[in-house]
Every structure is written in C-alpha cells, then in structure tokens.
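> Structure file my_file.tsv (TSV, C-alpha atoms and all ligand atoms) is given on the next line.
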chain	number	residue	atom	x	y	z
T	578	MET	CA	-40.47	6.00	72.57
T	579	ALA	CA	-41.61	8.07	75.56
T	580	LYS	CA	-44.86	10.00	75.36
T	581	THR	CA	-45.14	10.83	79.07
T	582	ALA	CA	-42.71	11.70	81.82
T	583	ALA	CA	-42.95	12.88	85.42
T	584	PHE	CA	-41.07	16.01	86.50
T	585	GLY	CA	-41.39	17.11	90.12
T	586	THR	CA	-45.04	16.54	91.02
T	587	ALA	CA	-46.31	17.04	87.47
T	588	THR	CA	-46.77	14.94	84.36
T	589	LEU	CA	-45.69	16.00	80.89
T	590	GLU	CA	-47.62	14.31	78.09
T	591	LEU	CA	-47.22	14.41	74.31
T	592	ILE	CA	-50.35	13.81	72.23
T	593	GLN	CA	-51.45	14.26	68.63
T	594	ALA	CA	-54.53	16.49	68.79
T	595	ASP	CA	-56.28	19.67	67.72
T	596	ILE	CA	-55.58	21.87	70.74
T	597	THR	CA	-58.98	23.59	70.42
T	598	THR	CA	-60.71	20.37	71.54
T	599	LEU	CA	-58.93	20.10	74.92
T	600	ALA	CA	-60.86	20.77	78.14
T	601	VAL	CA	-57.92	22.01	80.23
T	602	ASP	CA	-57.53	25.07	82.46
T	603	ALA	CA	-55.70	26.89	79.65
T	604	ILE	CA	-54.55	26.24	76.12
T	605	VAL	CA	-51.59	28.22	74.80
T	606	ASN	CA	-51.93	30.07	71.50
T	607	ALA	CA	-49.05	30.66	69.07
T	608	ALA	CA	-49.86	34.35	68.67
T	609	ASN	CA	-48.09	37.34	67.09
T	610	ALA	CA	-46.86	40.45	68.92
T	611	SER	CA	-49.79	42.55	67.70
T	612	LEU	CA	-52.35	39.99	68.94
T	613	VAL	CA	-54.32	40.52	65.71
T	614	GLY	CA	-54.94	36.85	64.96
T	615	GLY	CA	-53.69	34.96	61.94
T	616	GLY	CA	-53.48	31.45	60.53
T	617	GLY	CA	-52.33	28.18	62.07
T	618	VAL	CA	-53.27	27.48	65.64
T	619	ASP	CA	-54.07	31.18	66.21
T	620	GLY	CA	-56.74	31.10	63.51
T	621	ALA	CA	-58.16	27.82	64.83
T	622	ILE	CA	-58.40	29.15	68.41
T	623	HIS	CA	-60.16	32.39	67.40
T	624	ARG	CA	-62.55	30.50	65.11
T	625	ALA	CA	-63.45	27.94	67.75
T	626	GLY	CA	-63.55	30.39	70.68
T	627	GLY	CA	-65.58	33.17	69.06
T	628	PRO	CA	-65.18	36.99	69.13
T	629	VAL	CA	-64.69	37.46	72.89
T	630	ILE	CA	-61.06	36.37	72.63
T	631	MET	CA	-60.26	38.99	69.97
T	632	GLN	CA	-62.06	41.70	71.97
T	633	GLU	CA	-59.82	40.93	74.93
T	634	CYS	CA	-56.71	40.80	72.72
T	635	ARG	CA	-57.56	44.26	71.34
T	636	ALA	CA	-57.93	45.62	74.86
T	637	ILE	CA	-54.51	44.21	75.81
T	638	GLY	CA	-52.93	45.59	72.61
T	639	ARG	CA	-49.49	43.99	72.30
T	640	CYS	CA	-47.47	41.04	73.52
T	641	PRO	CA	-43.71	41.34	72.86
T	642	THR	CA	-41.90	38.33	71.38
T	643	GLY	CA	-40.92	35.93	74.16
T	644	SER	CA	-43.78	36.96	76.45
T	645	ALA	CA	-47.38	35.89	77.00
T	646	VAL	CA	-50.78	37.30	78.03
T	647	LEU	CA	-54.01	35.76	79.33
T	648	THR	CA	-57.58	36.00	77.98
T	649	SER	CA	-60.75	34.08	78.56
T	650	ALA	CA	-61.57	31.27	76.15
T	651	GLY	CA	-65.02	32.16	74.78
T	652	THR	CA	-66.79	29.03	73.59
T	653	LEU	CA	-63.71	26.76	73.75
T	654	PRO	CA	-63.80	23.79	76.13
T	655	ALA	CA	-60.71	25.21	77.87
T	656	ARG	CA	-61.26	27.88	80.56
T	657	PHE	CA	-58.58	30.34	79.41
T	658	VAL	CA	-56.19	31.08	76.55
T	659	ILE	CA	-52.57	32.05	77.16
T	660	HIS	CA	-51.29	33.90	74.07
T	661	ALA	CA	-47.53	33.39	73.70
T	662	VAL	CA	-45.31	34.87	70.99
T	663	ALA	CA	-42.44	32.82	69.55
T	664	PRO	CA	-39.66	34.45	67.48
T	665	ARG	CA	-39.65	34.38	63.68
T	666	TYR	CA	-36.83	31.89	63.16
T	667	ALA	CA	-33.67	33.42	61.73
T	668	GLY	CA	-30.98	31.06	63.07
T	669	ARG	CA	-29.73	33.53	65.72
T	670	PRO	CA	-28.79	32.33	69.26
T	671	ARG	CA	-31.37	34.85	70.47
T	672	ASP	CA	-34.13	32.81	68.80
T	673	ALA	CA	-33.60	29.97	71.26
T	674	GLU	CA	-33.72	32.40	74.21
T	675	LEU	CA	-36.92	33.98	72.97
T	676	LEU	CA	-38.59	30.62	72.32
T	677	ALA	CA	-37.70	29.37	75.82
T	678	SER	CA	-38.92	32.68	77.21
T	679	ALA	CA	-42.33	32.27	75.49
T	680	TYR	CA	-42.72	28.87	77.19
T	681	ARG	CA	-41.56	30.18	80.59
T	682	ALA	CA	-43.88	33.20	80.44
T	683	SER	CA	-46.82	30.89	79.72
T	684	LEU	CA	-45.93	28.58	82.62
T	685	LEU	CA	-45.64	31.57	84.99
T	686	ILE	CA	-49.08	32.86	83.95
T	687	ALA	CA	-50.50	29.39	84.58
T	688	GLU	CA	-49.04	29.29	88.08
T	689	ASP	CA	-50.06	32.86	88.95
T	690	ASN	CA	-53.62	31.80	88.11
T	691	GLN	CA	-53.45	28.45	89.93
T	692	PHE	CA	-54.00	26.41	86.76
T	693	GLY	CA	-53.47	22.68	87.29
T	694	THR	CA	-53.52	21.61	83.63
T	695	ILE	CA	-52.36	23.44	80.50
T	696	ALA	CA	-51.74	22.47	76.88
T	697	PHE	CA	-49.14	23.92	74.52
T	698	PRO	CA	-48.98	23.68	70.73
T	699	SER	CA	-45.57	23.54	69.08
T	700	LEU	CA	-44.82	27.29	69.40
T	701	GLY	CA	-42.90	28.83	66.50
T	702	THR	CA	-42.67	25.80	64.21
T	703	GLY	CA	-45.39	26.74	61.69
T	704	ALA	CA	-45.50	30.16	60.05
T	705	TYR	CA	-42.52	31.34	62.13
T	706	GLY	CA	-40.29	28.60	60.71
T	707	TYR	CA	-38.49	27.23	63.77
T	708	PRO	CA	-37.07	23.77	62.87
T	709	VAL	CA	-39.13	21.29	64.89
T	710	ASP	CA	-36.18	19.16	66.03
T	711	GLN	CA	-34.57	22.22	67.62
T	712	ALA	CA	-37.81	23.78	68.89
T	713	SER	CA	-38.95	20.53	70.53
T	714	ALA	CA	-35.70	20.26	72.50
T	715	ILE	CA	-36.06	23.87	73.71
T	716	ALA	CA	-39.76	23.41	74.53
T	717	LEU	CA	-39.37	20.21	76.52
T	718	SER	CA	-36.21	21.19	78.39
T	719	THR	CA	-37.82	24.51	79.38
T	720	ILE	CA	-41.09	22.88	80.49
T	721	SER	CA	-39.39	20.03	82.37
T	722	SER	CA	-36.97	22.24	84.25
T	723	HIS	CA	-39.82	24.54	85.22
T	724	LEU	CA	-41.90	21.59	86.48
T	725	GLN	CA	-39.08	20.38	88.75
T	726	THR	CA	-39.80	23.30	91.08
T	727	SER	CA	-43.51	23.85	90.45
T	728	GLN	CA	-46.05	22.97	93.12
T	729	ILE	CA	-49.12	24.16	91.21
T	730	LEU	CA	-49.07	22.64	87.73
T	731	LYS	CA	-50.05	18.96	87.77
T	732	SER	CA	-50.26	18.26	84.06
T	733	VAL	CA	-48.69	19.83	80.98
T	734	ILE	CA	-49.80	18.52	77.59
T	735	VAL	CA	-48.02	19.29	74.34
T	736	ALA	CA	-50.59	18.86	71.55
T	737	LEU	CA	-48.91	18.16	68.22
T	738	PHE	CA	-50.90	18.57	65.05
T	739	SER	CA	-49.05	16.03	62.90
T	740	ALA	CA	-47.60	12.57	63.44
T	741	SER	CA	-44.18	13.79	62.30
T	742	ASP	CA	-44.21	16.61	64.88
T	743	LEU	CA	-45.22	14.08	67.54
T	744	SER	CA	-42.22	11.90	66.57
T	745	ALA	CA	-39.84	14.86	66.78
T	746	TYR	CA	-41.15	15.73	70.26
T	747	GLU	CA	-40.91	12.08	71.37
T	748	MET	CA	-37.25	12.04	70.38
T	749	SER	CA	-36.60	15.25	72.31
T	750	LEU	CA	-38.46	13.95	75.36
T	751	GLU	CA	-36.25	10.87	75.28
T	752	GLU	CA	-33.18	13.16	75.32
T	753	VAL	CA	-34.56	15.25	78.19
T	754	ILE	CA	-35.26	12.09	80.21
T	755	ASN	CA	-31.75	10.82	79.48
T	756	GLY	CA	-30.27	14.16	80.52
T	757	LYS	CA	-28.96	15.10	77.11
T	758	ALA	CA	-31.08	18.20	76.51
A	1	LIG	N1	-53.91	22.35	67.21
A	1	LIG	C1	-52.62	22.09	67.49
A	1	LIG	N2	-51.59	22.51	66.71
A	1	LIG	C2	-51.91	23.21	65.61
A	1	LIG	C3	-53.24	23.54	65.25
A	1	LIG	C4	-54.27	23.07	66.11
A	1	LIG	N3	-55.56	23.33	65.87
A	1	LIG	N4	-53.21	24.26	64.08
A	1	LIG	C5	-51.91	24.36	63.73
A	1	LIG	N5	-51.12	23.74	64.64
A	1	LIG	P1	-48.34	28.26	63.78
A	1	LIG	P2	-46.07	29.93	64.76
A	1	LIG	C6	-49.66	23.60	64.68
A	1	LIG	O1	-48.09	28.68	62.38
A	1	LIG	O2	-45.10	29.18	63.94
A	1	LIG	C7	-50.05	32.76	63.02
A	1	LIG	O3	-50.52	33.35	61.85
A	1	LIG	C8	-48.90	23.79	63.39
A	1	LIG	O4	-48.97	22.60	62.63
A	1	LIG	O5	-49.73	28.20	64.27
A	1	LIG	O6	-45.71	30.26	66.19
A	1	LIG	C9	-49.93	33.73	64.18
A	1	LIG	O7	-50.91	34.75	64.10
A	1	LIG	C10	-47.50	24.06	63.93
A	1	LIG	O8	-46.86	22.83	64.25
A	1	LIG	O9	-47.54	29.21	64.86
A	1	LIG	C11	-48.55	34.28	64.03
A	1	LIG	O10	-48.51	35.36	63.14
A	1	LIG	C12	-47.73	24.79	65.25
A	1	LIG	O11	-49.15	24.63	65.52
A	1	LIG	C13	-47.78	33.12	63.47
A	1	LIG	O12	-48.73	32.29	62.81
A	1	LIG	C14	-47.40	26.26	65.24
A	1	LIG	O13	-47.68	26.83	63.97
A	1	LIG	C15	-47.15	32.28	64.56
A	1	LIG	O14	-46.39	31.27	63.98
If you took the structure in this file and wrote it as structure tokens, what would it be?
Ligand code: AR6


Amino acid sequence: MAKTAAFGTATLELIQADITTLAVDAIVNAANASLVGGGGVDGAIHRAGGPVIMQECRAIGRCPTGSAVLTSAGTLPARFVIHAVAPRYAGRPRDAELLASAYRASLLIAEDNQFGTIAFPSLGTGAYGYPVDQASAIALSTISSHLQTSQILKSVIVALFSASDLSAYEMSLEEVINGKA
C-alpha cells in the first residue's frame, strides 16, 4: 500500500511517528479555538516545546474552527508550530468543510512563510471524534490538490500516532492516487 506520492513538485509521505520529534520547518498542532492547550498532540507539543509557545498563543488569543495561526516552536526540533483547529465531529456536512479548511489554512501559512517541509498530525480524529477513515480522505485530498499548484512546499509529512491510523491513511492515499477521493 502506498506511503508516498508525488503531487506537483512536492512529495506527500505517511509515517508513524511522534510529531514532536520531527525536525521540519513547521509541525501542525491539533489545537482548540481558544488556543489554551489540552491533551493529545496539543499537550505533547506544549510539553516538548516549553512555555514560549503558550505565551505566543495567549498573545494571539483565538483561532476560529477551520483556521490556523503560527507561533515559534520553543525547544522543539521543528522551527515553527502552525496551530490548526478541526471541528468537533457531529456528522454535519459542514464538518468536512471545516476540516478541509483547517488543512488549507495551514498549507497557506506554510507557503506565506516559505516553508519547504511541514508535518501534520491527523487533525480532528482524537478528542474531536472525526472518524479516521473519513478524515483521512479529506486530509489527503485537500493536501494533494493544494500541492498540485504549489511551488514552495517540497515535502508534506502526515505523522500518524498509531499503526491503525497509518493503515487508514494508506488506504485513503491509495484512493487519492487512483482518483477516487
Ligand atoms: N504525534 C502525532 N500524533 C499524535 C500525538 C503525537 N505526539 N499525540 C496524539 N496524536 P487530538 P483533535 C494523535 O485529540 O481530535 C486537544 O485537547 C492522536 O492519536 O490530539 O483535533 C486540543 O486542545 C489523534 O490521532 O486532536 C483540542 O481541544 C490525533 O493526534 C482537541 O484535543 C489528533 O488527536 C483537539 O482534538
């Protein structure tokens, strides 16, 4: 099953990893709209990056669902953190729009800042309850269609925490490659 694919001039890669260990231009955080921190990947990023990230989040204040903001990365190996807010899953058509929007907003921030390499976690599929088979299709179709026209991003990694999430994303990548998603 596919773990990598080329879109435009960029590579999309699926890996199983703790996103806080990745030395990329930016890692994406699965944040909440109040930017107050929490559990899951948000908790891991603030723990590993130290208090600077929270100070910057407080100064920014809010990040509406479906959008994203940029902070520095404190003591993380990455250079920056893009905080993106997925919807709390409720089975509405709007959830899919908001999830795609959270990915797009992150990709636009990366390009505005000339980042060549970024890493996403599986936004929305932990505490916010988005079913991973649906979320992975939205994530990968949004990222791949964005990369078709991007000149700046060279590498997008999706870092999955569990083997079962990696499998779900591999299946969705296969569908994107075959033009079904
Ligand atoms: N590296 C990569 N992925 C991880 C890591 C890690 N270190 N830790 C967890 N995951 P979640 P959400 C995976 O709950 O659903 C927070 O409290 C995890 O297994 O982090 O968007 C925020 O403050 C799951 O697959 O994000 C918000 O309030 C994925 O990351 C809320 O949760 C996303 O799970 C956001 O919920």

> List all protein, DNA and RNA residues that have at least one atom no more than 9 Å from any atom of ligand LIG 1 (chain A), counting only C-alpha atoms and all ligand atoms, and write them as a ChimeraX atom specification.

/T:593-598,606-622,661-666,697-707,709,735-739,742

> Between T:Asn690, T:Asn755, T:Ser721, T:Ser744, single out the one closest to T:Gly585, counting only C-alpha atoms.

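Looking at the shortest contact to T:Gly585, the residue is T:Ser721.
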
> Identify which of the residues T:Tyr746, T:Leu684, T:Asp689, T:Ala677 lies closest to T:Asp710, counting all atoms listed in the file when measuring atom-to-atom distances.

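Between T:Tyr746, T:Leu684, T:Asp689, T:Ala677, the residue approaching T:Asp710 most closely is T:Tyr746.
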
> Counting only C-alpha atoms, which of T:Ala679, T:Met748, T:Leu743, T:Leu730 gets nearest to T:Ala716?

T:Ala679

> Just to confirm, what's the straight-line distance from atom CA of T:Ser749 to atom CA of T:His623 in Å (one decimal)?

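For atom CA of T:Ser749 relative to atom CA of T:His623, the distance reads 29.5 Å.
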
> State, in Å with one decimal place, the distance from atom CA of T:Ser713 to atom CA of T:Val753.

10.3 Å

> For T:Val646, which residue out of T:Ile630, T:Val733, T:Val658, T:Gln728 is the nearest one, using all atoms listed in the file?

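Closest residue, counting all atoms listed in the file: T:Val658.
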
> Restricting the calculation to only C-alpha atoms, which member of T:Ala667, T:Ala582, T:Ala655, T:Leu589 is positioned closest to T:Val601?

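Smallest distance to T:Val601 is found for T:Ala655.
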
> Just give me the gap between atom CA of T:Leu676 and atom CA of T:Ala712 in Å, one decimal is fine.

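Taking atom CA of T:Leu676 as the start and atom CA of T:Ala712 as the end point, the length is 7.7 Å.
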
> Between T:Ala583, T:Ala745, T:Ala740, T:Ile592, which has the minimum distance to T:Ile720 (counting only C-alpha atoms)?

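Of T:Ala583, T:Ala745, T:Ala740, T:Ile592, the one nearest T:Ile720 is T:Ala583, counting only C-alpha atoms.
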
> Which residues are near T:Gly627? Cut-off 9 Å, only C-alpha atoms, ignore same chain within fewer than 6 positions. Put them as a PDB file with C-alpha atoms, in the frame of the given file.


ATOM      1  CA  ALA T 650     -61.570  31.270  76.150  1.00  0.00           C
ATOM      2  CA  GLY T 651     -65.020  32.160  74.780  1.00  0.00           C
ATOM      3  CA  THR T 652     -66.790  29.030  73.590  1.00  0.00           C
ATOM      4  CA  LEU T 653     -63.710  26.760  73.750  1.00  0.00           C
TER       5      LEU T 653
END

> I'd like the box whose edges run along x, y and z of the file and which contains every listed atom of stretch 595-607 of chain T, padded by 8 Å per side; could you state its centre and edge lengths in Å, one decimal, as AutoDock Vina command-line options?


--center_x -55.0 --center_y 25.2 --center_z 75.1 --size_x 27.8 --size_y 27.0 --size_z 30.7

> Please identify all polymer residues within 12 Å of T:Gly693, counting all atoms listed in the file, omitting same-chain residues fewer than 2 positions from it, and present them as JSON, numbers by chain.

{"T": [586, 587, 588, 600, 601, 602, 603, 604, 656, 684, 686, 687, 688, 689, 690, 691, 695, 696, 724, 727, 728, 729, 730, 731, 732, 733, 734]}

> Grab the residues selected above and save them as an mmCIF file, in the coordinates of the input with C-alpha atoms.


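selection.cif, freshly written:
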data_model
loop_
_atom_site.group_PDB
_atom_site.id
_atom_site.type_symbol
_atom_site.label_atom_id
_atom_site.label_comp_id
_atom_site.auth_asym_id
_atom_site.auth_seq_id
_atom_site.Cartn_x
_atom_site.Cartn_y
_atom_site.Cartn_z
ATOM 1 C CA THR T 586 -45.040 16.540 91.020
ATOM 2 C CA ALA T 587 -46.310 17.040 87.470
ATOM 3 C CA THR T 588 -46.770 14.940 84.360
ATOM 4 C CA ALA T 600 -60.860 20.770 78.140
ATOM 5 C CA VAL T 601 -57.920 22.010 80.230
ATOM 6 C CA ASP T 602 -57.530 25.070 82.460
ATOM 7 C CA ALA T 603 -55.700 26.890 79.650
ATOM 8 C CA ILE T 604 -54.550 26.240 76.120
ATOM 9 C CA ARG T 656 -61.260 27.880 80.560
ATOM 10 C CA LEU T 684 -45.930 28.580 82.620
ATOM 11 C CA ILE T 686 -49.080 32.860 83.950
ATOM 12 C CA ALA T 687 -50.500 29.390 84.580
ATOM 13 C CA GLU T 688 -49.040 29.290 88.080
ATOM 14 C CA ASP T 689 -50.060 32.860 88.950
ATOM 15 C CA ASN T 690 -53.620 31.800 88.110
ATOM 16 C CA GLN T 691 -53.450 28.450 89.930
ATOM 17 C CA ILE T 695 -52.360 23.440 80.500
ATOM 18 C CA ALA T 696 -51.740 22.470 76.880
ATOM 19 C CA LEU T 724 -41.900 21.590 86.480
ATOM 20 C CA SER T 727 -43.510 23.850 90.450
ATOM 21 C CA GLN T 728 -46.050 22.970 93.120
ATOM 22 C CA ILE T 729 -49.120 24.160 91.210
ATOM 23 C CA LEU T 730 -49.070 22.640 87.730
ATOM 24 C CA LYS T 731 -50.050 18.960 87.770
ATOM 25 C CA SER T 732 -50.260 18.260 84.060
ATOM 26 C CA VAL T 733 -48.690 19.830 80.980
ATOM 27 C CA ILE T 734 -49.800 18.520 77.590
#
